[in-house]
2 protein chains.
Amino acid sequence: MSDLLERLRGRGWRMTAQRRVVAEVLDGEHVHLTADEVHARAVAKLPEISRATVYNTLGELVTLGEVLEVSTDRRAKRYDPNAHRPHQHLVCARCGAIRDVHPTGNPLSALPDSERFGFTISDVEVTYRGLCPNCSASA
Amino acid sequence: MSDLLERLRGRGWRMTAQRRVVAEVLDGEHVHLTADEVHARAVAKLPEISRATVYNTLGELVTLGEVLEVSTDRRAKRYDPNAHRPHQHLVCARCGAIRDVHPTGNPLSALPDSERFGFTISDVEVTYRGLCPNCSASA
DNA sequence: ATCCTACGATAGACTTTGTCTAAGTCAAGC
DNA sequence: GCTTGACTTAGACAAAGTCTATCGTAGGAT
């Protein structure tokens, strides 16, 4: 993701301090941050950045396919900078920890035509839920 | 689901008019209603029922395993009375239509041990996204 | 049948997450 | 260095849901 800024410039992005900071935050930690967490880290680098700009920038990055939105719980969306390698998510039902995982095979092939009801399917999302080692130890 | 009320009574539920109405709404239409939609239909039968009660009752039904929560989009949770037959969901990315689907095999078996990171996995949720026949025709 | 009481229902305030708007600012081409 | 339209900002607004204090009632006890 180090050349992210270059790719974005190539797509006609105006390169502002705010956008640079948001990209840096996502690039810096390959974890799944919420918009608010991104904002908090961005404020540390650029105190006057606003919430709206963080939301806008994250939305643009998602539209451009540089970042994935992940909704594993009913709380805030999370942003996953690992957009270029297809993967699914494993979520701890207790502490909310999230790991990227790579199931074998294509989950789409498990859905026979008779179960597609004429839909044109373009995407499959799989979320595995359970307890992480820590939480199952202290259960 | 016709014996739902009996099952609930057997579990020590106090049988109030409000709970009966919520159960009837879910029983009546096997679609995926939001809490607000459930509330609207419940009000039609029992005008003084409150939003909080609908939320509480739905939450209890979910806890009891009688109803499933489905979060296919970033909007409201939906409630699925089809809790006793395992299934996944197929969602239209444009109009939001939801269908229950039954993929072949167990989605869990696609996740090798090396990708489980010590988690105790108890559940898998699969969401297929695409365009329904209507929406792909008018695209 | 009536009474009691703990469980359930209610209205409405509050919270969280996110979107929108109107006005100000600035990156980049000229 | 101007200009201009794309970007940013603060704060109002909105949707979905939770919480709280108070009132009502289902169902067992008498």
# chains A, B, ... in the order shown; residues from 1 in each chain; ligands from 1

$ interface_residues --of "chain A" --to "chain D" --cutoff "12 Å" --atoms "only C-alpha atoms (C1' of nucleotides)" --output "list in words"
Gly12, Trp13, Arg14, Met15, Thr16, Ala17, Gln18, Arg19, Glu48, Ile49, Ser50, Arg51, Ala52, Thr53, Val54, Tyr55, Asn56, Thr57, Arg74 and Arg75 of chain A

$ interface_residues --of "chain B" --to "chain A" --cutoff "8 Å" --atoms "only C-alpha atoms" --output "ChimeraX atom specification"
/B:71,74,90,92,101-105,107-108,110-112,115-133,136

$ interface_residues --of "chain C" --to "chain B" --cutoff "8 Å" --atoms "only C-alpha atoms (C1' of nucleotides)" --output "number ranges by chain"
C: 7, 9-10

$ closest_residue --among "A:Glu66, A:Asp113, A:Asp80, A:Glu60" --to "A:Leu4" --atoms "only C-alpha atoms"
A:Glu66

$ select_by_dssp --residues "stretch 51-120 of chain B" --states "strand (DSSP E)" --output "list in words"
Leu68, Glu69, Val70, Arg78, Tyr79, Asp80, Gln88, His89, Leu90, Val91, Cys92, Ile98, Arg99, Asp100, Val101 and Thr120 of chain B

$ write_last_selection --atoms "N, CA and C atoms" --output "PDB file, in the first residue's frame"
ATOM      1  N   LEU B  68     -34.034 -15.320  14.115  1.00  0.00           N
ATOM      2  CA  LEU B  68     -32.656 -14.944  13.819  1.00  0.00           C
ATOM      3  C   LEU B  68     -32.551 -13.481  13.464  1.00  0.00           C
ATOM      4  N   GLU B  69     -31.472 -12.881  13.898  1.00  0.00           N
ATOM      5  CA  GLU B  69     -31.160 -11.526  13.452  1.00  0.00           C
ATOM      6  C   GLU B  69     -30.354 -11.607  12.175  1.00  0.00           C
ATOM      7  N   VAL B  70     -30.708 -10.800  11.208  1.00  0.00           N
ATOM      8  CA  VAL B  70     -29.985 -10.779   9.953  1.00  0.00           C
ATOM      9  C   VAL B  70     -29.545  -9.357   9.681  1.00  0.00           C
ATOM     10  N   ARG B  78     -32.745  -7.122  10.528  1.00  0.00           N
ATOM     11  CA  ARG B  78     -33.990  -7.763  10.130  1.00  0.00           C
ATOM     12  C   ARG B  78     -34.169  -9.034  10.931  1.00  0.00           C
ATOM     13  N   TYR B  79     -35.419  -9.440  11.082  1.00  0.00           N
ATOM     14  CA  TYR B  79     -35.704 -10.592  11.919  1.00  0.00           C
ATOM     15  C   TYR B  79     -36.303 -11.700  11.087  1.00  0.00           C
ATOM     16  N   ASP B  80     -35.704 -12.866  11.226  1.00  0.00           N
ATOM     17  CA  ASP B  80     -35.999 -13.996  10.364  1.00  0.00           C
ATOM     18  C   ASP B  80     -36.631 -15.097  11.200  1.00  0.00           C
ATOM     19  N   GLN B  88     -28.620 -19.604   4.553  1.00  0.00           N
ATOM     20  CA  GLN B  88     -27.848 -18.383   4.354  1.00  0.00           C
ATOM     21  C   GLN B  88     -28.706 -17.392   3.597  1.00  0.00           C
ATOM     22  N   HIS B  89     -28.147 -16.236   3.252  1.00  0.00           N
ATOM     23  CA  HIS B  89     -28.964 -15.210   2.602  1.00  0.00           C
ATOM     24  C   HIS B  89     -28.361 -14.701   1.302  1.00  0.00           C
ATOM     25  N   LEU B  90     -29.295 -14.395   0.411  1.00  0.00           N
ATOM     26  CA  LEU B  90     -28.963 -13.859  -0.903  1.00  0.00           C
ATOM     27  C   LEU B  90     -29.627 -12.493  -0.964  1.00  0.00           C
ATOM     28  N   VAL B  91     -28.850 -11.454  -1.227  1.00  0.00           N
ATOM     29  CA  VAL B  91     -29.358 -10.085  -1.113  1.00  0.00           C
ATOM     30  C   VAL B  91     -29.163  -9.328  -2.412  1.00  0.00           C
ATOM     31  N   CYS B  92     -30.193  -8.620  -2.823  1.00  0.00           N
ATOM     32  CA  CYS B  92     -30.055  -7.772  -4.012  1.00  0.00           C
ATOM     33  C   CYS B  92     -29.382  -6.464  -3.616  1.00  0.00           C
ATOM     34  N   ILE B  98     -34.329  -9.923  -0.082  1.00  0.00           N
ATOM     35  CA  ILE B  98     -33.586 -10.975   0.600  1.00  0.00           C
ATOM     36  C   ILE B  98     -34.267 -12.316   0.362  1.00  0.00           C
ATOM     37  N   ARG B  99     -33.480 -13.334   0.027  1.00  0.00           N
ATOM     38  CA  ARG B  99     -33.996 -14.685  -0.097  1.00  0.00           C
ATOM     39  C   ARG B  99     -33.187 -15.603   0.800  1.00  0.00           C
ATOM     40  N   ASP B 100     -33.852 -16.566   1.402  1.00  0.00           N
ATOM     41  CA  ASP B 100     -33.137 -17.612   2.111  1.00  0.00           C
ATOM     42  C   ASP B 100     -32.584 -18.589   1.081  1.00  0.00           C
ATOM     43  N   VAL B 101     -31.349 -19.000   1.250  1.00  0.00           N
ATOM     44  CA  VAL B 101     -30.775 -19.986   0.333  1.00  0.00           C
ATOM     45  C   VAL B 101     -30.065 -21.076   1.127  1.00  0.00           C
ATOM     46  N   THR B 120     -12.390 -21.096  18.707  1.00  0.00           N
ATOM     47  CA  THR B 120     -13.423 -22.116  18.757  1.00  0.00           C
ATOM     48  C   THR B 120     -14.586 -21.580  17.944  1.00  0.00           C
TER      49      THR B 120
END

$ atom_distance --atom1 "atom CA of A:Arg20" --atom2 "atom CA of A:Glu6"
10.7 Å

$ select_by_dssp --residues "stretch 10-106 of chain A" --states "helix (DSSP H, G or I)" --output "PDB file with C-alpha atoms, in the first residue's frame"
ATOM      1  CA  GLY A  10      -2.924   8.963 -10.928  1.00  0.00           C
ATOM      2  CA  ALA A  17      -2.934  16.960   3.832  1.00  0.00           C
ATOM      3  CA  GLN A  18      -6.116  15.355   5.183  1.00  0.00           C
ATOM      4  CA  ARG A  19      -6.221  12.626   2.578  1.00  0.00           C
ATOM      5  CA  ARG A  20      -2.548  11.915   3.032  1.00  0.00           C
ATOM      6  CA  VAL A  21      -3.053  11.506   6.768  1.00  0.00           C
ATOM      7  CA  VAL A  22      -5.996   9.153   6.407  1.00  0.00           C
ATOM      8  CA  ALA A  23      -4.055   7.031   3.938  1.00  0.00           C
ATOM      9  CA  GLU A  24      -1.085   6.968   6.295  1.00  0.00           C
ATOM     10  CA  VAL A  25      -3.232   5.815   9.186  1.00  0.00           C
ATOM     11  CA  LEU A  26      -4.650   2.931   7.193  1.00  0.00           C
ATOM     12  CA  ASP A  27      -1.236   2.079   5.806  1.00  0.00           C
ATOM     13  CA  GLY A  28       0.378   2.189   9.221  1.00  0.00           C
ATOM     14  CA  ALA A  35     -14.050   5.432  11.221  1.00  0.00           C
ATOM     15  CA  ASP A  36     -13.786   6.967  14.667  1.00  0.00           C
ATOM     16  CA  GLU A  37     -10.515   5.210  15.359  1.00  0.00           C
ATOM     17  CA  VAL A  38      -9.169   6.402  12.042  1.00  0.00           C
ATOM     18  CA  HIS A  39     -10.286   9.891  12.975  1.00  0.00           C
ATOM     19  CA  ALA A  40      -8.586   9.712  16.374  1.00  0.00           C
ATOM     20  CA  ARG A  41      -5.287   8.626  14.835  1.00  0.00           C
ATOM     21  CA  ALA A  42      -5.619  11.216  12.093  1.00  0.00           C
ATOM     22  CA  VAL A  43      -6.205  13.978  14.636  1.00  0.00           C
ATOM     23  CA  ALA A  44      -2.933  13.009  16.310  1.00  0.00           C
ATOM     24  CA  LYS A  45      -1.135  13.903  13.105  1.00  0.00           C
ATOM     25  CA  ARG A  51     -14.961  13.819  11.163  1.00  0.00           C
ATOM     26  CA  ALA A  52     -16.771  14.498   7.912  1.00  0.00           C
ATOM     27  CA  THR A  53     -13.533  14.489   5.968  1.00  0.00           C
ATOM     28  CA  VAL A  54     -12.506  11.171   7.435  1.00  0.00           C
ATOM     29  CA  TYR A  55     -15.874   9.697   6.469  1.00  0.00           C
ATOM     30  CA  ASN A  56     -15.644  11.186   2.999  1.00  0.00           C
ATOM     31  CA  THR A  57     -12.122   9.985   2.430  1.00  0.00           C
ATOM     32  CA  LEU A  58     -12.831   6.489   3.677  1.00  0.00           C
ATOM     33  CA  GLY A  59     -15.862   6.349   1.411  1.00  0.00           C
ATOM     34  CA  GLU A  60     -13.760   7.383  -1.561  1.00  0.00           C
ATOM     35  CA  LEU A  61     -11.117   4.797  -0.785  1.00  0.00           C
ATOM     36  CA  VAL A  62     -13.813   2.157  -0.658  1.00  0.00           C
ATOM     37  CA  THR A  63     -15.277   3.307  -3.964  1.00  0.00           C
TER      38      THR A  63
END

$ atom_distance --atom1 "atom C1' of C:DG29" --atom2 "atom CA of A:Arg11"
16.2 Å
